[in-house]
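Structure first, then comments.
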Amino acid sequence: MSIIPSIDEKAAANNAKDYLKQFKDWQLVSLRLDSNNPRATDQAQQEHVKAMFELQERQNIVKAISKDDQASGIILDQRFIKQHSTKRTLAKLAASRYKVAERSFYYRQHKALLMAYYLIPTDQVKLVK
């Protein structure tokens with residue numbers, strides 16, 4: 001029995017993927033609500049501020065990973081923030097001078113998601129064992 005706690009990597013990667021994919025939902029909320037609108041209710045302004053905070057949180061995670069491993073940051077940004085296809089993401093990696101085969105792309109994507117999982121705020125993480 002190991003004293004080091006282990007996690008289910010697949011579930012952790014899925015949690016990170018779900019968290020990053022919520023970027024689009026928060027973006028829609030932020031666009032729908034405008035905090036500068038004088039007729040906006042207090043609740044609408046609070047929702048707008050929360051949406052902007054959530055967008056920034058997800059972008060900060062991608063930036064932090066990019067500082068550590070730029071290719072992983074590109075993968076997360078293209079696949080889960082911008083929701084581009086694998087083919088388009090591979091083209092972006094190639095344009096950024098990263099030669100990644102499609103076969104190894106999924107491995108790198110999985111590792112990038114695991115890095116993101118550890119950066120997600122603890123109140124947003126579903127516990128995985």
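Letters A, B, ... mark the chains of the structure tokens in the order given; residue numbers begin at 1 per chain; ligand numbers begin at 1, in order shown.
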### Task
Write out as an MDAnalysis selection string the residues lying within 8 Å of Ala12 of chain A, counting only C-alpha atoms and excluding same-chain residues fewer than 2 positions away.
chainID A and resid 7:10 14:16 113:114 117 128
Mind checking DSSP for segment 5-49 of chain A and telling me the alpha helix (DSSP H) residues as a CSV table (one decimal) with all heavy atoms, in the first residue's frame?
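What follows is the written file result29.csv:
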chain,number,residue,atom,x,y,z
A,9,GLU,N,-6.7,9.1,-13.0
A,9,GLU,CA,-6.3,10.1,-14.0
A,9,GLU,C,-7.3,10.4,-15.0
A,9,GLU,O,-7.5,11.6,-15.5
A,9,GLU,CB,-5.0,9.7,-14.7
A,9,GLU,CG,-3.8,9.8,-13.8
A,9,GLU,CD,-2.5,9.5,-14.6
A,9,GLU,OE1,-2.5,9.3,-15.8
A,9,GLU,OE2,-1.4,9.5,-13.9
A,10,LYS,N,-8.1,9.4,-15.5
A,10,LYS,CA,-9.1,9.7,-16.5
A,10,LYS,C,-10.2,10.6,-16.0
A,10,LYS,O,-10.6,11.5,-16.7
A,10,LYS,CB,-9.7,8.3,-16.9
A,10,LYS,CG,-10.6,8.4,-18.1
A,10,LYS,CD,-11.0,7.1,-18.6
A,10,LYS,CE,-11.9,7.2,-19.8
A,10,LYS,NZ,-12.3,6.0,-20.4
A,11,ALA,N,-10.6,10.3,-14.7
A,11,ALA,CA,-11.7,11.2,-14.2
A,11,ALA,C,-11.1,12.6,-13.9
A,11,ALA,O,-11.9,13.6,-14.1
A,11,ALA,CB,-12.2,10.6,-12.8
A,12,ALA,N,-9.9,12.7,-13.5
A,12,ALA,CA,-9.3,14.0,-13.3
A,12,ALA,C,-9.2,14.8,-14.6
A,12,ALA,O,-9.5,16.0,-14.6
A,12,ALA,CB,-7.9,13.9,-12.6
A,13,ALA,N,-8.8,14.1,-15.6
A,13,ALA,CA,-8.7,14.8,-17.0
A,13,ALA,C,-10.1,15.2,-17.4
A,13,ALA,O,-10.2,16.3,-18.0
A,13,ALA,CB,-8.0,13.8,-18.0
A,14,ASN,N,-11.1,14.4,-17.2
A,14,ASN,CA,-12.4,14.7,-17.6
A,14,ASN,C,-13.0,15.9,-16.8
A,14,ASN,O,-13.7,16.8,-17.3
A,14,ASN,CB,-13.4,13.5,-17.4
A,14,ASN,CG,-13.2,12.5,-18.6
A,14,ASN,OD1,-12.8,12.9,-19.7
A,14,ASN,ND2,-13.5,11.3,-18.3
A,15,ASN,N,-12.6,16.0,-15.5
A,15,ASN,CA,-13.0,17.1,-14.7
A,15,ASN,C,-12.4,18.4,-15.2
A,15,ASN,O,-13.0,19.5,-15.3
A,15,ASN,CB,-12.6,16.9,-13.2
A,15,ASN,CG,-13.6,16.0,-12.5
A,15,ASN,OD1,-14.7,15.7,-13.0
A,15,ASN,ND2,-13.1,15.5,-11.4
A,16,ALA,N,-11.1,18.3,-15.5
A,16,ALA,CA,-10.4,19.5,-16.1
A,16,ALA,C,-11.0,19.9,-17.4
A,16,ALA,O,-11.2,21.1,-17.7
A,16,ALA,CB,-8.9,19.2,-16.2
A,17,LYS,N,-11.3,18.9,-18.2
A,17,LYS,CA,-11.9,19.2,-19.5
A,17,LYS,C,-13.2,19.9,-19.4
A,17,LYS,O,-13.5,20.9,-20.0
A,17,LYS,CB,-12.1,17.9,-20.3
A,17,LYS,CG,-12.6,18.1,-21.7
A,17,LYS,CD,-12.9,16.7,-22.4
A,17,LYS,CE,-11.7,15.8,-22.4
A,17,LYS,NZ,-12.0,14.5,-23.2
A,18,ASP,N,-14.1,19.4,-18.5
A,18,ASP,CA,-15.4,20.0,-18.2
A,18,ASP,C,-15.2,21.5,-17.7
A,18,ASP,O,-16.0,22.4,-18.1
A,18,ASP,CB,-16.2,19.2,-17.2
A,18,ASP,CG,-16.6,17.9,-17.8
A,18,ASP,OD1,-16.6,17.7,-19.0
A,18,ASP,OD2,-16.9,17.0,-17.0
A,19,TYR,N,-14.3,21.7,-16.8
A,19,TYR,CA,-14.1,23.0,-16.2
A,19,TYR,C,-13.6,24.0,-17.3
A,19,TYR,O,-14.1,25.1,-17.4
A,19,TYR,CB,-13.0,22.9,-15.1
A,19,TYR,CG,-12.7,24.2,-14.5
A,19,TYR,CD1,-13.6,24.7,-13.5
A,19,TYR,CD2,-11.6,24.9,-14.8
A,19,TYR,CE1,-13.3,25.9,-12.9
A,19,TYR,CE2,-11.3,26.2,-14.2
A,19,TYR,CZ,-12.2,26.6,-13.2
A,19,TYR,OH,-11.9,27.9,-12.7
A,20,LEU,N,-12.7,23.6,-18.2
A,20,LEU,CA,-12.2,24.5,-19.2
A,20,LEU,C,-13.3,24.7,-20.3
A,20,LEU,O,-13.4,25.8,-20.8
A,20,LEU,CB,-10.9,23.9,-19.8
A,20,LEU,CG,-9.7,23.9,-18.9
A,20,LEU,CD1,-8.5,23.2,-19.6
A,20,LEU,CD2,-9.3,25.3,-18.5
A,21,LYS,N,-14.1,23.7,-20.6
A,21,LYS,CA,-15.1,23.9,-21.6
A,21,LYS,C,-16.2,24.8,-21.1
A,21,LYS,O,-17.0,25.3,-21.9
A,21,LYS,CB,-15.7,22.5,-22.0
A,21,LYS,CG,-14.9,21.7,-22.9
A,21,LYS,CD,-15.6,20.5,-23.3
A,21,LYS,CE,-14.9,19.8,-24.5
A,21,LYS,NZ,-15.7,18.6,-24.9
A,22,GLN,N,-16.3,25.0,-19.8
A,22,GLN,CA,-17.3,26.0,-19.3
A,22,GLN,C,-17.0,27.4,-19.7
A,22,GLN,O,-17.8,28.3,-19.5
A,22,GLN,CB,-17.4,25.9,-17.8
A,22,GLN,CG,-18.0,24.6,-17.3
A,22,GLN,CD,-17.9,24.5,-15.8
A,22,GLN,OE1,-17.4,25.3,-15.1
A,22,GLN,NE2,-18.5,23.4,-15.3
A,23,PHE,N,-15.8,27.6,-20.3
A,23,PHE,CA,-15.4,29.0,-20.7
A,23,PHE,C,-16.5,29.5,-21.7
A,23,PHE,O,-16.9,30.7,-21.5
A,23,PHE,CB,-14.1,28.9,-21.4
A,23,PHE,CG,-13.5,30.3,-21.9
A,23,PHE,CD1,-12.8,31.0,-21.0
A,23,PHE,CD2,-13.8,30.7,-23.1
A,23,PHE,CE1,-12.3,32.3,-21.4
A,23,PHE,CE2,-13.3,32.0,-23.5
A,23,PHE,CZ,-12.6,32.8,-22.7
A,24,LYS,N,-16.9,28.7,-22.6
A,24,LYS,CA,-17.9,29.2,-23.6
A,24,LYS,C,-19.2,29.6,-22.9
A,24,LYS,O,-19.8,30.6,-23.3
A,24,LYS,CB,-18.2,28.1,-24.6
A,24,LYS,CG,-18.4,28.4,-26.0
A,24,LYS,CD,-17.4,29.4,-26.6
A,24,LYS,CE,-17.3,29.2,-28.0
A,24,LYS,NZ,-16.4,30.2,-28.6
A,25,ASP,N,-19.7,28.8,-21.9
A,25,ASP,CA,-20.9,29.2,-21.2
A,25,ASP,C,-20.8,30.5,-20.5
A,25,ASP,O,-21.7,31.3,-20.5
A,25,ASP,CB,-21.3,28.1,-20.2
A,25,ASP,CG,-21.5,26.7,-20.9
A,25,ASP,OD1,-21.9,26.7,-22.1
A,25,ASP,OD2,-21.3,25.7,-20.2
A,26,TRP,N,-19.6,30.7,-19.8
A,26,TRP,CA,-19.4,31.9,-19.0
A,26,TRP,C,-19.3,33.1,-20.0
A,26,TRP,O,-19.7,34.2,-19.7
A,26,TRP,CB,-18.2,31.8,-18.1
A,26,TRP,CG,-18.5,31.0,-16.9
A,26,TRP,CD1,-17.9,29.8,-16.6
A,26,TRP,CD2,-19.4,31.2,-15.8
A,26,TRP,NE1,-18.4,29.3,-15.4
A,26,TRP,CE2,-19.3,30.2,-14.9
A,26,TRP,CE3,-20.3,32.3,-15.6
A,26,TRP,CZ2,-20.1,30.1,-13.8
A,26,TRP,CZ3,-21.0,32.2,-14.4
A,26,TRP,CH2,-20.9,31.1,-13.6
A,27,GLN,N,-18.7,32.8,-21.2
A,27,GLN,CA,-18.6,33.9,-22.2
A,27,GLN,C,-19.9,34.4,-22.6
A,27,GLN,O,-20.2,35.6,-22.8
A,27,GLN,CB,-17.7,33.4,-23.3
A,27,GLN,CG,-17.3,34.5,-24.3
A,27,GLN,CD,-16.4,33.9,-25.3
A,27,GLN,OE1,-16.5,32.8,-25.8
A,27,GLN,NE2,-15.4,34.7,-25.7
A,28,LEU,N,-20.8,33.4,-22.8
A,28,LEU,CA,-22.2,33.8,-23.3
A,28,LEU,C,-22.9,34.6,-22.2
A,28,LEU,O,-23.6,35.5,-22.5
A,28,LEU,CB,-23.0,32.5,-23.6
A,28,LEU,CG,-22.6,31.8,-24.9
A,28,LEU,CD1,-23.3,30.5,-25.0
A,28,LEU,CD2,-22.8,32.7,-26.1
A,29,VAL,N,-22.7,34.2,-20.9
A,29,VAL,CA,-23.3,34.9,-19.8
A,29,VAL,C,-22.8,36.3,-19.8
A,29,VAL,O,-23.5,37.3,-19.6
A,29,VAL,CB,-23.1,34.2,-18.5
A,29,VAL,CG1,-23.5,35.1,-17.3
A,29,VAL,CG2,-23.9,32.9,-18.4
A,30,SER,N,-21.5,36.5,-19.9
A,30,SER,CA,-20.9,37.8,-19.9
A,30,SER,C,-21.3,38.7,-21.0
A,30,SER,O,-21.5,39.9,-20.8
A,30,SER,CB,-19.3,37.7,-19.8
A,30,SER,OG,-18.8,37.4,-21.1
A,31,LEU,N,-21.5,38.1,-22.2
A,31,LEU,CA,-22.0,38.9,-23.3
A,31,LEU,C,-23.5,39.3,-23.2
A,31,LEU,O,-23.9,40.4,-23.7
A,31,LEU,CB,-21.8,38.1,-24.6
A,31,LEU,CG,-20.3,37.9,-25.0
A,31,LEU,CD1,-20.2,37.0,-26.2
A,31,LEU,CD2,-19.6,39.2,-25.3
A,32,ARG,N,-24.2,38.4,-22.6
A,32,ARG,CA,-25.7,38.7,-22.5
A,32,ARG,C,-25.9,39.8,-21.4
A,32,ARG,O,-26.8,40.6,-21.6
A,32,ARG,CB,-26.4,37.4,-22.0
A,32,ARG,CG,-27.9,37.6,-21.9
A,32,ARG,CD,-28.5,36.3,-21.4
A,32,ARG,NE,-27.7,35.9,-20.1
A,32,ARG,CZ,-28.1,35.0,-19.3
A,32,ARG,NH1,-29.2,34.3,-19.6
A,32,ARG,NH2,-27.4,34.7,-18.2
A,42,ASP,N,-29.2,44.7,-10.0
A,42,ASP,CA,-28.1,44.3,-9.2
A,42,ASP,C,-27.7,42.9,-9.4
A,42,ASP,O,-26.5,42.6,-9.5
A,42,ASP,CB,-28.3,44.6,-7.7
A,42,ASP,CG,-28.3,46.1,-7.3
A,42,ASP,OD1,-27.8,46.9,-8.1
A,42,ASP,OD2,-28.9,46.4,-6.3
A,43,GLN,N,-28.7,42.0,-9.5
A,43,GLN,CA,-28.4,40.6,-9.7
A,43,GLN,C,-27.7,40.4,-11.1
A,43,GLN,O,-26.7,39.6,-11.2
A,43,GLN,CB,-29.6,39.8,-9.6
A,43,GLN,CG,-29.4,38.3,-9.8
A,43,GLN,CD,-30.7,37.5,-9.8
A,43,GLN,OE1,-31.8,38.0,-9.6
A,43,GLN,NE2,-30.5,36.2,-9.9
A,44,ALA,N,-28.2,41.1,-12.1
A,44,ALA,CA,-27.5,41.0,-13.4
A,44,ALA,C,-26.1,41.5,-13.4
A,44,ALA,O,-25.2,40.9,-14.0
A,44,ALA,CB,-28.4,41.8,-14.4
A,45,GLN,N,-25.9,42.6,-12.7
A,45,GLN,CA,-24.5,43.1,-12.6
A,45,GLN,C,-23.6,42.1,-11.8
A,45,GLN,O,-22.4,41.9,-12.2
A,45,GLN,CB,-24.5,44.4,-11.9
A,45,GLN,CG,-25.1,45.5,-12.7
A,45,GLN,CD,-25.2,46.9,-12.0
A,45,GLN,OE1,-25.0,46.9,-10.8
A,45,GLN,NE2,-25.4,47.9,-12.7
A,46,GLN,N,-24.1,41.5,-10.8
A,46,GLN,CA,-23.4,40.5,-10.0
A,46,GLN,C,-23.1,39.2,-10.9
A,46,GLN,O,-22.0,38.7,-10.9
A,46,GLN,CB,-24.1,40.0,-8.8
A,46,GLN,CG,-24.1,41.1,-7.7
A,46,GLN,CD,-25.0,40.7,-6.5
A,46,GLN,OE1,-25.7,39.7,-6.6
A,46,GLN,NE2,-24.9,41.5,-5.4
A,47,GLU,N,-24.0,38.8,-11.7
A,47,GLU,CA,-23.8,37.7,-12.6
A,47,GLU,C,-22.7,38.0,-13.6
A,47,GLU,O,-21.9,37.2,-14.0
A,47,GLU,CB,-25.1,37.3,-13.3
A,47,GLU,CG,-26.1,36.6,-12.4
A,47,GLU,CD,-27.4,36.2,-13.1
A,47,GLU,OE1,-27.4,36.1,-14.3
A,47,GLU,OE2,-28.4,36.0,-12.4
A,48,HIS,N,-22.8,39.3,-14.1
A,48,HIS,CA,-21.8,39.7,-15.1
A,48,HIS,C,-20.4,39.7,-14.5
A,48,HIS,O,-19.4,39.2,-15.1
A,48,HIS,CB,-22.1,41.1,-15.6
A,48,HIS,CG,-21.1,41.6,-16.6
A,48,HIS,ND1,-21.0,41.1,-17.9
A,48,HIS,CD2,-20.1,42.5,-16.5
A,48,HIS,CE1,-20.1,41.7,-18.6
A,48,HIS,NE2,-19.5,42.6,-17.7
A,49,VAL,N,-20.2,40.2,-13.3
A,49,VAL,CA,-18.9,40.2,-12.6
A,49,VAL,C,-18.5,38.8,-12.4
A,49,VAL,O,-17.3,38.5,-12.6
A,49,VAL,CB,-19.0,41.0,-11.3
A,49,VAL,CG1,-17.8,40.8,-10.4
A,49,VAL,CG2,-19.3,42.5,-11.6
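Considering the residues A:Asp123, A:Asp69, A:Glu57, A:Glu102 and counting only C-alpha atoms, Ile81 of chain A has its shortest atom-to-atom contact with A:Glu57.
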#### Entry: A:Leu55, A:Val62, A:Met115, A:Ile74 ranked by distance to Ala95 of chain A, top pick (using only C-alpha atoms)
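Among the listed residues, A:Ile74 lies closest to Ala95 of chain A.
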### Query
Which residue, A:Gln56, A:Gln109, A:Ser66, A:Ser96, has the smallest gap to Arg79 of chain A when you use only C-alpha atoms?
A:Gln109
### Query
In Å, with one decimal, what is the gap from atom CA of Thr122 of chain A to atom CA of Ile65 of chain A?
17.3 Å
### Message
Quick check, in Å to one decimal: how far apart do atom CA of Arg108 of chain A and atom CA of Ser72 of chain A lie?
### Response
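Rounded to one decimal, the two atoms are 6.9 Å apart.
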### Query
Could you work out how far atom CA of Ala116 of chain A lies from atom CA of Ala64 of chain A, giving the answer in Å with one decimal?
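Answer for the atom CA of Ala64 of chain A to atom CA of Ala116 of chain A separation: 8.9 Å.
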Surrounding residues of Val100 of chain A excluding itself and chain neighbours under 6 positions, 8 Å, only C-alpha atoms, as a tab-separated table (two decimals) with all heavy atoms, in the first residue's frame:
chain	number	residue	atom	x	y	z
A	90	LEU	N	-3.48	20.91	-34.22
A	90	LEU	CA	-2.19	20.43	-34.71
A	90	LEU	C	-1.56	21.44	-35.67
A	90	LEU	O	-0.34	21.64	-35.66
A	90	LEU	CB	-2.35	19.07	-35.39
A	90	LEU	CG	-2.57	17.88	-34.45
A	90	LEU	CD1	-3.00	16.65	-35.24
A	90	LEU	CD2	-1.32	17.61	-33.64
A	93	LEU	N	-0.11	24.18	-33.56
A	93	LEU	CA	1.14	23.72	-32.96
A	93	LEU	C	2.27	23.74	-33.98
A	93	LEU	O	3.39	24.16	-33.66
A	93	LEU	CB	0.97	22.31	-32.39
A	93	LEU	CG	0.19	22.19	-31.08
A	93	LEU	CD1	-0.17	20.74	-30.81
A	93	LEU	CD2	0.98	22.78	-29.93
A	94	ALA	N	1.98	23.31	-35.19
A	94	ALA	CA	2.99	23.31	-36.25
A	94	ALA	C	3.41	24.75	-36.58
A	94	ALA	O	4.60	25.02	-36.81
A	94	ALA	CB	2.47	22.61	-37.49
